[in-house]
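This is entry.cif. It holds mmCIF, C-alpha atoms.
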```cif
data_target
loop_
_atom_site.label_atom_id
_atom_site.label_comp_id
_atom_site.auth_asym_id
_atom_site.auth_seq_id
_atom_site.Cartn_x
_atom_site.Cartn_y
_atom_site.Cartn_z
CA MET A 1 0.00 0.00 0.00
CA PRO A 2 1.23 3.54 -0.70
CA ASN A 3 1.47 5.87 2.28
CA GLN A 4 -1.63 7.43 3.80
CA LEU A 5 -1.36 10.70 1.92
CA ASP A 6 -0.98 8.91 -1.44
CA MET A 7 -4.03 6.82 -0.58
CA ILE A 8 -6.03 9.99 0.09
CA LYS A 9 -4.72 11.61 -3.10
CA GLY A 10 -5.49 8.50 -5.15
CA ARG A 11 -9.16 8.23 -4.14
CA ARG A 12 -11.61 9.46 -6.75
CA SER A 13 -15.38 9.82 -6.84
CA ILE A 14 -16.47 6.94 -9.07
CA ARG A 15 -19.84 6.96 -10.81
CA ARG A 16 -19.51 4.05 -13.29
CA TYR A 17 -19.00 0.48 -12.15
CA GLU A 18 -18.27 -2.93 -13.60
CA GLU A 19 -20.92 -5.63 -13.30
CA LYS A 20 -19.03 -7.49 -10.62
CA ASP A 21 -19.96 -8.32 -7.05
CA ILE A 22 -17.98 -7.23 -4.01
CA PRO A 23 -16.50 -10.13 -2.02
CA GLU A 24 -18.18 -10.46 1.35
CA GLN A 25 -14.88 -10.10 3.26
CA ASP A 26 -14.18 -6.80 1.48
CA LEU A 27 -17.60 -5.47 2.45
CA GLN A 28 -16.86 -6.51 6.03
CA GLN A 29 -13.58 -4.57 5.95
CA VAL A 30 -15.43 -1.47 4.84
CA LEU A 31 -17.91 -1.90 7.69
CA GLU A 32 -15.01 -2.43 10.10
CA SER A 33 -13.53 0.89 8.98
CA ILE A 34 -16.69 2.61 10.22
CA GLN A 35 -16.46 0.75 13.52
CA TRP A 36 -12.95 2.11 14.11
CA SER A 37 -13.62 5.69 13.18
CA PRO A 38 -13.35 8.31 15.92
CA SER A 39 -16.57 9.92 17.14
CA TRP A 40 -17.79 12.51 19.64
CA ALA A 41 -17.00 11.07 23.10
CA ASN A 42 -17.03 7.65 21.41
CA THR A 43 -20.81 7.92 20.90
CA GLN A 44 -20.59 6.00 17.58
CA CYS A 45 -23.96 7.26 16.38
CA TRP A 46 -23.58 5.55 12.98
CA GLU A 47 -26.03 3.03 11.49
CA VAL A 48 -25.51 1.59 8.00
CA VAL A 49 -27.97 -0.03 5.65
CA VAL A 50 -26.26 -2.31 3.10
CA ILE A 51 -28.42 -2.34 -0.03
CA LYS A 52 -27.92 -5.04 -2.66
CA ASN A 53 -31.58 -5.62 -3.53
CA PRO A 54 -32.25 -4.22 -7.05
CA GLY A 55 -35.81 -3.20 -6.13
CA GLN A 56 -34.61 -1.16 -3.17
CA LYS A 57 -31.89 0.46 -5.28
CA GLU A 58 -34.44 1.43 -7.91
CA LYS A 59 -36.68 3.05 -5.30
CA LEU A 60 -33.71 4.90 -3.79
CA GLN A 61 -32.61 6.10 -7.21
CA ALA A 62 -35.95 7.86 -7.60
CA THR A 63 -35.04 10.10 -4.63
CA LEU A 64 -32.25 11.70 -6.74
CA ASN A 65 -32.84 14.47 -9.28
CA ASP A 66 -32.37 13.43 -12.90
CA THR A 67 -29.52 15.94 -13.15
CA ASN A 68 -27.52 14.25 -10.36
CA PRO A 69 -24.32 12.84 -11.95
CA ALA A 70 -24.49 9.92 -9.49
CA LYS A 71 -28.00 8.90 -10.53
CA LYS A 72 -26.88 5.87 -12.56
CA ALA A 73 -24.41 4.84 -9.87
CA VAL A 74 -27.18 3.96 -7.42
CA ILE A 75 -28.44 1.25 -9.78
CA GLN A 76 -25.17 0.19 -11.38
CA SER A 77 -23.15 -0.37 -8.21
CA PRO A 78 -23.38 -3.83 -6.64
CA VAL A 79 -23.71 -2.32 -3.16
CA VAL A 80 -25.12 0.98 -1.92
CA LEU A 81 -24.44 1.99 1.67
CA ALA A 82 -27.00 4.24 3.31
CA LEU A 83 -25.17 6.16 6.02
CA CYS A 84 -27.49 6.96 8.91
CA GLY A 85 -26.98 8.37 12.40
CA LYS A 86 -28.84 8.43 15.68
CA THR A 87 -29.82 11.97 16.53
CA LYS A 88 -29.15 13.71 19.88
CA SER A 89 -26.16 11.51 20.63
CA ALA A 90 -22.98 13.10 19.18
CA GLY A 91 -22.55 16.61 20.55
CA TYR A 92 -24.98 16.02 23.41
CA TYR A 93 -24.46 15.64 27.12
CA LYS A 94 -27.41 14.73 29.37
CA SER A 95 -29.85 15.47 26.50
CA GLN A 96 -28.45 18.98 26.07
CA ALA A 97 -26.48 20.17 23.06
CA SER A 98 -22.92 20.90 24.21
CA THR A 99 -21.97 23.39 21.49
CA LYS A 100 -23.54 25.97 19.20
CA PHE A 101 -23.62 23.34 16.45
CA GLY A 102 -26.20 21.17 18.18
CA ASP A 103 -26.03 17.67 16.73
CA TRP A 104 -22.55 16.54 15.65
CA LEU A 105 -24.05 13.64 13.69
CA MET A 106 -23.06 15.28 10.39
CA PHE A 107 -19.46 15.69 11.53
CA ASP A 108 -19.15 12.13 12.79
CA LEU A 109 -20.77 10.68 9.68
CA GLY A 110 -18.33 12.73 7.59
CA ILE A 111 -15.47 11.03 9.44
CA ALA A 112 -17.04 7.62 8.82
CA ALA A 113 -17.63 8.43 5.14
CA GLN A 114 -13.93 9.12 4.60
CA SER A 115 -13.08 5.83 6.36
CA ILE A 116 -15.44 4.04 3.98
CA CYS A 117 -14.09 5.70 0.82
CA LEU A 118 -10.44 5.14 1.73
CA THR A 119 -10.87 1.52 2.78
CA ALA A 120 -12.86 0.79 -0.37
CA HIS A 121 -10.18 2.49 -2.48
CA ASP A 122 -7.48 0.34 -0.88
CA LEU A 123 -9.52 -2.74 -1.90
CA GLY A 124 -9.76 -1.54 -5.50
CA LEU A 125 -13.34 -0.35 -5.03
CA GLY A 126 -14.70 2.98 -6.16
CA THR A 127 -17.22 5.04 -4.20
CA VAL A 128 -19.09 8.30 -4.49
CA ILE A 129 -20.68 10.15 -1.58
CA VAL A 130 -24.20 11.21 -2.60
CA GLY A 131 -25.71 13.92 -0.43
CA MET A 132 -28.15 15.52 -2.84
CA PHE A 133 -31.38 13.50 -2.73
CA ASP A 134 -34.65 13.45 -0.81
CA GLN A 135 -33.42 12.09 2.52
CA ASP A 136 -36.87 11.75 4.05
CA LYS A 137 -38.23 9.76 1.10
CA ALA A 138 -35.16 7.51 1.31
CA LYS A 139 -35.76 7.07 5.06
CA GLY A 140 -39.28 5.91 4.27
CA ILE A 141 -38.08 3.43 1.63
CA LEU A 142 -35.58 1.87 4.02
CA GLY A 143 -37.82 2.10 7.10
CA VAL A 144 -35.29 4.17 9.06
CA GLY A 145 -36.63 4.97 12.53
CA HIS A 146 -37.67 8.52 13.40
CA GLU A 147 -34.86 9.01 15.92
CA TYR A 148 -32.33 8.54 13.10
CA GLU A 149 -31.33 10.58 10.07
CA LEU A 150 -30.32 9.11 6.74
CA VAL A 151 -27.60 11.50 5.54
CA ALA A 152 -25.73 10.04 2.56
CA LEU A 153 -25.86 7.22 0.03
CA ILE A 154 -22.53 5.70 -0.94
CA PRO A 155 -22.61 3.48 -4.06
CA MET A 156 -19.61 1.15 -4.15
CA GLY A 157 -18.17 -1.13 -6.82
CA TYR A 158 -15.28 -1.83 -9.18
CA PRO A 159 -14.59 1.30 -11.24
CA ALA A 160 -15.55 0.93 -14.91
CA LYS A 161 -13.38 3.84 -15.92
CA GLU A 162 -10.76 6.10 -14.47
CA ALA A 163 -11.95 9.40 -13.13
CA SER A 164 -9.95 12.58 -13.18
CA ALA A 165 -9.44 14.67 -10.05
CA PRO A 166 -11.32 17.94 -9.84
CA LYS A 167 -9.17 21.01 -9.28
CA ARG A 168 -8.18 21.77 -5.69
CA ARG A 169 -7.57 25.00 -3.85
CA GLU A 170 -3.90 25.59 -3.09
CA ILE A 171 -2.76 24.80 0.45
CA GLY A 172 -1.60 28.40 0.82
CA GLU A 173 -5.10 29.57 -0.01
CA PHE A 174 -6.80 27.79 2.90
CA THR A 175 -4.00 27.84 5.47
CA HIS A 176 -3.51 30.60 8.04
CA TYR A 177 -0.83 30.93 10.71
CA ASN A 178 -1.67 31.68 14.35
CA GLN A 179 -4.32 34.14 13.19
CA PHE A 180 -6.93 34.08 10.42
CA ASN A 181 -5.75 35.76 7.21
CA VAL A 182 -2.14 35.71 8.34
CA ARG A 183 -0.15 33.82 5.72
CA LYS A 184 3.25 32.45 6.51
CA MET B 1 2.60 1.02 5.72
CA PRO B 2 -0.12 -1.38 6.89
CA ASN B 3 -3.27 -1.53 4.79
CA GLN B 4 -5.89 1.20 5.04
CA LEU B 5 -8.09 -0.65 7.50
CA ASP B 6 -5.14 -1.34 9.83
CA MET B 7 -4.22 2.34 9.63
CA ILE B 8 -7.75 3.29 10.67
CA LYS B 9 -7.75 0.69 13.45
CA GLY B 10 -4.33 1.81 14.70
CA ARG B 11 -5.24 5.51 15.08
CA ARG B 12 -5.87 6.60 18.68
CA SER B 13 -6.96 9.84 20.26
CA ILE B 14 -3.74 11.14 21.83
CA ARG B 15 -3.81 13.69 24.64
CA ARG B 16 -0.20 13.64 25.88
CA TYR B 17 2.72 14.67 23.69
CA GLU B 18 6.50 14.72 23.74
CA GLU B 19 8.27 18.07 23.70
CA LYS B 20 9.34 17.72 20.10
CA ASP B 21 8.55 19.83 17.06
CA ILE B 22 6.85 18.54 13.95
CA PRO B 23 9.03 18.71 10.81
CA GLU B 24 7.71 21.28 8.36
CA GLN B 25 7.35 18.72 5.55
CA ASP B 26 5.19 16.51 7.79
CA LEU B 27 2.90 19.43 8.60
CA GLN B 28 2.66 20.11 4.86
CA GLN B 29 1.63 16.48 4.25
CA VAL B 30 -1.15 16.84 6.80
CA LEU B 31 -2.35 20.02 5.08
CA GLU B 32 -2.17 18.24 1.72
CA SER B 33 -4.44 15.51 3.08
CA ILE B 34 -7.11 18.15 3.65
CA GLN B 35 -6.63 19.48 0.14
CA TRP B 36 -7.34 16.03 -1.33
CA SER B 37 -10.37 15.21 0.76
CA PRO B 38 -13.70 14.88 -1.02
CA SER B 39 -16.29 17.60 -0.45
CA TRP B 40 -19.81 18.56 -1.47
CA ALA B 41 -19.65 19.28 -5.23
CA ASN B 42 -15.93 19.97 -4.70
CA THR B 43 -16.79 23.13 -2.74
CA GLN B 44 -13.73 22.64 -0.43
CA CYS B 45 -15.14 24.93 2.25
CA TRP B 46 -12.23 24.20 4.61
CA GLU B 47 -9.93 26.81 6.16
CA VAL B 48 -7.21 25.84 8.63
CA VAL B 49 -5.37 27.92 11.19
CA VAL B 50 -2.00 26.41 12.14
CA ILE B 51 -1.25 27.48 15.71
CA LYS B 52 2.27 27.18 17.09
CA ASN B 53 2.36 30.43 19.06
CA PRO B 54 2.28 29.60 22.82
CA GLY B 55 0.26 32.73 23.63
CA GLN B 56 -2.44 31.82 21.14
CA LYS B 57 -2.54 28.25 22.44
CA GLU B 58 -2.97 29.50 25.98
CA LYS B 59 -5.89 31.71 24.99
CA LEU B 60 -7.48 28.87 23.06
CA GLN B 61 -7.06 26.53 25.99
CA ALA B 62 -9.22 28.85 28.09
CA THR B 63 -12.15 28.11 25.75
CA LEU B 64 -12.21 24.49 27.02
CA ASN B 65 -13.89 23.42 30.26
CA ASP B 66 -11.51 22.30 32.99
CA THR B 67 -13.09 18.85 32.85
CA ASN B 68 -12.18 18.39 29.16
CA PRO B 69 -9.64 15.52 28.98
CA ALA B 70 -7.97 17.30 26.04
CA LYS B 71 -7.37 20.52 28.00
CA LYS B 72 -3.65 19.93 28.51
CA ALA B 73 -3.23 18.78 24.92
CA VAL B 74 -3.93 22.24 23.54
CA ILE B 75 -0.84 23.61 25.36
CA GLN B 76 1.39 20.55 25.23
CA SER B 77 1.13 19.80 21.52
CA PRO B 78 3.64 21.59 19.25
CA VAL B 79 0.89 22.35 16.72
CA VAL B 80 -2.85 22.90 17.09
CA LEU B 81 -4.96 22.96 13.93
CA ALA B 82 -8.16 24.99 14.08
CA LEU B 83 -10.52 23.48 11.54
CA CYS B 84 -12.82 26.12 10.07
CA GLY B 85 -15.29 26.18 7.20
CA LYS B 86 -16.95 28.75 5.02
CA THR B 87 -20.70 28.74 5.63
CA LYS B 88 -23.38 28.49 2.91
CA SER B 89 -21.06 26.72 0.50
CA ALA B 90 -21.26 22.93 1.04
CA GLY B 91 -24.86 21.77 0.65
CA TYR B 92 -25.92 24.96 -1.12
CA TYR B 93 -26.85 25.67 -4.71
CA LYS B 94 -27.49 29.24 -5.83
CA SER B 95 -27.60 30.41 -2.19
CA GLN B 96 -30.32 27.86 -1.36
CA ALA B 97 -29.84 24.87 0.92
CA SER B 98 -30.18 21.74 -1.24
CA THR B 99 -31.22 19.31 1.51
CA LYS B 100 -33.02 19.22 4.84
CA PHE B 101 -29.63 19.41 6.56
CA GLY B 102 -28.86 22.93 5.39
CA ASP B 103 -25.12 23.49 5.63
CA TRP B 104 -22.97 20.43 4.96
CA LEU B 105 -19.93 22.19 6.44
CA MET B 106 -19.95 19.84 9.45
CA PHE B 107 -20.01 16.77 7.20
CA ASP B 108 -17.19 17.99 4.97
CA LEU B 109 -15.06 19.06 7.93
CA GLY B 110 -15.61 15.59 9.44
CA ILE B 111 -14.17 14.09 6.25
CA ALA B 112 -11.18 16.45 6.43
CA ALA B 113 -10.67 15.68 10.14
CA GLN B 114 -10.32 11.96 9.41
CA SER B 115 -7.82 12.76 6.62
CA ILE B 116 -5.80 14.81 9.11
CA CYS B 117 -5.84 12.17 11.86
CA LEU B 118 -4.91 9.31 9.52
CA THR B 119 -2.12 11.17 7.74
CA ALA B 120 -0.70 12.32 11.07
CA HIS B 121 -0.87 8.77 12.41
CA ASP B 122 1.04 7.46 9.37
CA LEU B 123 3.76 10.03 10.18
CA GLY B 124 4.00 8.85 13.79
CA LEU B 125 1.98 11.82 15.04
CA GLY B 126 -0.90 11.65 17.49
CA THR B 127 -4.01 13.80 17.28
CA VAL B 128 -7.24 14.35 19.15
CA ILE B 129 -10.34 16.00 17.71
CA VAL B 130 -11.64 18.54 20.20
CA GLY B 131 -15.23 19.63 19.61
CA MET B 132 -16.26 20.64 23.11
CA PHE B 133 -15.18 24.24 23.66
CA ASP B 134 -16.53 27.74 23.16
CA GLN B 135 -16.29 28.01 19.38
CA ASP B 136 -17.29 31.66 19.22
CA LYS B 137 -14.67 32.71 21.79
CA ALA B 138 -12.07 30.74 19.83
CA LYS B 139 -13.20 32.46 16.62
CA GLY B 140 -12.60 35.81 18.31
CA ILE B 141 -9.12 34.80 19.49
CA LEU B 142 -8.08 33.72 16.00
CA GLY B 143 -9.93 36.51 14.19
CA VAL B 144 -11.99 34.10 12.10
CA GLY B 145 -14.30 36.02 9.74
CA HIS B 146 -18.04 36.06 10.37
CA GLU B 147 -18.83 34.08 7.22
CA TYR B 148 -16.82 31.16 8.64
CA GLU B 149 -17.32 28.73 11.50
CA LEU B 150 -14.54 27.36 13.66
CA VAL B 151 -15.67 23.81 14.37
CA ALA B 152 -12.84 21.75 15.90
CA LEU B 153 -9.38 22.07 17.39
CA ILE B 154 -6.94 19.29 16.56
CA PRO B 155 -3.79 19.23 18.74
CA MET B 156 -1.02 17.23 17.04
CA GLY B 157 2.33 15.94 18.24
CA TYR B 158 4.46 12.90 19.01
CA PRO B 159 2.56 10.67 21.45
CA ALA B 160 4.06 10.63 24.95
CA LYS B 161 2.25 7.45 25.87
CA GLU B 162 0.24 4.75 24.21
CA ALA B 163 -3.50 5.13 24.40
CA SER B 164 -5.93 2.25 24.59
CA ALA B 165 -8.87 2.01 22.22
CA PRO B 166 -12.32 2.68 23.66
CA LYS B 167 -14.85 -0.10 23.22
CA ARG B 168 -16.67 -0.22 19.89
CA ARG B 169 -20.16 -1.31 18.93
CA GLU B 170 -20.21 -4.60 17.05
CA ILE B 171 -20.58 -4.37 13.27
CA GLY B 172 -23.73 -6.50 13.52
CA GLU B 173 -25.21 -3.95 15.89
CA PHE B 174 -25.04 -1.02 13.46
CA THR B 175 -25.47 -2.86 10.14
CA HIS B 176 -28.81 -3.46 8.48
CA TYR B 177 -29.55 -5.26 5.20
CA ASN B 178 -31.78 -3.70 2.50
CA GLN B 179 -34.12 -2.45 5.23
CA PHE B 180 -33.58 -0.84 8.62
CA ASN B 181 -33.63 -3.35 11.49
CA VAL B 182 -33.26 -6.29 9.12
CA ARG B 183 -30.15 -8.19 10.17
CA LYS B 184 -28.51 -10.60 7.78
#
```

Representation of the structure as structure tokens:
Amino acid sequence: MPNQLDMIKGRRSIRRYEEKDIPEQDLQQVLESIQWSPSWANTQCWEVVVIKNPGQKEKLQATLNDTNPAKKAVIQSPVVLALCGKTKSAGYYKSQASTKFGDWLMFDLGIAAQSICLTAHDLGLGTVIVGMFDQDKAKGILGVGHEYELVALIPMGYPAKEASAPKRREIGEFTHYNQFNVRK
Amino acid sequence: MPNQLDMIKGRRSIRRYEEKDIPEQDLQQVLESIQWSPSWANTQCWEVVVIKNPGQKEKLQATLNDTNPAKKAVIQSPVVLALCGKTKSAGYYKSQASTKFGDWLMFDLGIAAQSICLTAHDLGLGTVIVGMFDQDKAKGILGVGHEYELVALIPMGYPAKEASAPKRREIGEFTHYNQFNVRK
């Protein structure tokens, strides 16, 4: 394996997949990468629905706009992960929000999403994080309980073609030293 | 380097550090891992303040409660990263929130936080994600602009002692198949 930075730099968002199943042990590794992600006070609010059923994938696909570039991916990928989280857990202490941001579910699921994408990439699997869809409709399709949120869909499979990397901001553009807007 | 899953499993939250600086090229690698993280429609809303100045660290430390187990880490670590994000960028399209979750800044900064922690770990550096502090006071100390949020502080340094891993939920406990609450 290349070093961690090269692994992060090598990951791409993949939206076209080969017709090829994911070995069960590889799927388990991806799930294990969620399990070992850090979380707010180790609250581990994550819940994951593994979707292989074509009927369920078709229903989920209908929650995306036709203009979404990941629309085909939801059907074409052998596995779609629905990343959910229990509300009022991360960021809470004794039922009270601890910070101005309220629920840290989004932050902790972001951490878990990167674990998923990197572990999949190391196994030769492509992923794309889909956030733009009707989350409440998707919750209904999957029967997600009301005390949970379904945040992202992550199609996963063997990449059918190489994807190019979108342009990135320069490090010097987003980095400040000791004080905001102070550059080195 | 071990495989990606082992890297994720080997990362610990580190709250005690050696008195030893971080080489500049290692810090740059950590910043590069943010640059190559995925983000909502490649919006890259992240901004990072690199804090080495002892006076700034002391002021930041005062924004944590005395009971916070990471309180000493903010002073002891050679570098603290303040992870900020531009608001109304991730999750927005033409100034309108695209989903029920409004701003996806928390999600995208969660992704970036995991990139930081993993890349640091690969370089022999320990980190801890601190989310429980007075974010608005910290914003004032660092002069973060009003169209940004300061979400997390990430102290970083060479671990002074090994940390044990907190207990994790079983994979079978958080995984569902095709439908919520359907176990394999």

### Query
So, counting all atoms listed in the file, which residue among A:Pro166, A:Gly85, A:Pro23, A:Pro69 is closest to Trp46 (chain A)?
A:Gly85

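Relative to CA of Ala113 (chain B), CA of Gly102 (chain A) is found at 18.3 Å.
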
### Task
Pull out every residue of chain B that has at least one atom within 7 Å of chain A, counting all atoms listed in the file, and report them as a count of residues only.
49

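With all atoms listed in the file as the atoms that count, the residue of B:Leu125, B:Ala138, B:Val74, B:Ile22 with the shortest distance to Pro159 (chain B) is B:Leu125.
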
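CA of Gly124 (chain B) lies 28.3 Å from CA of Asn65 (chain B).
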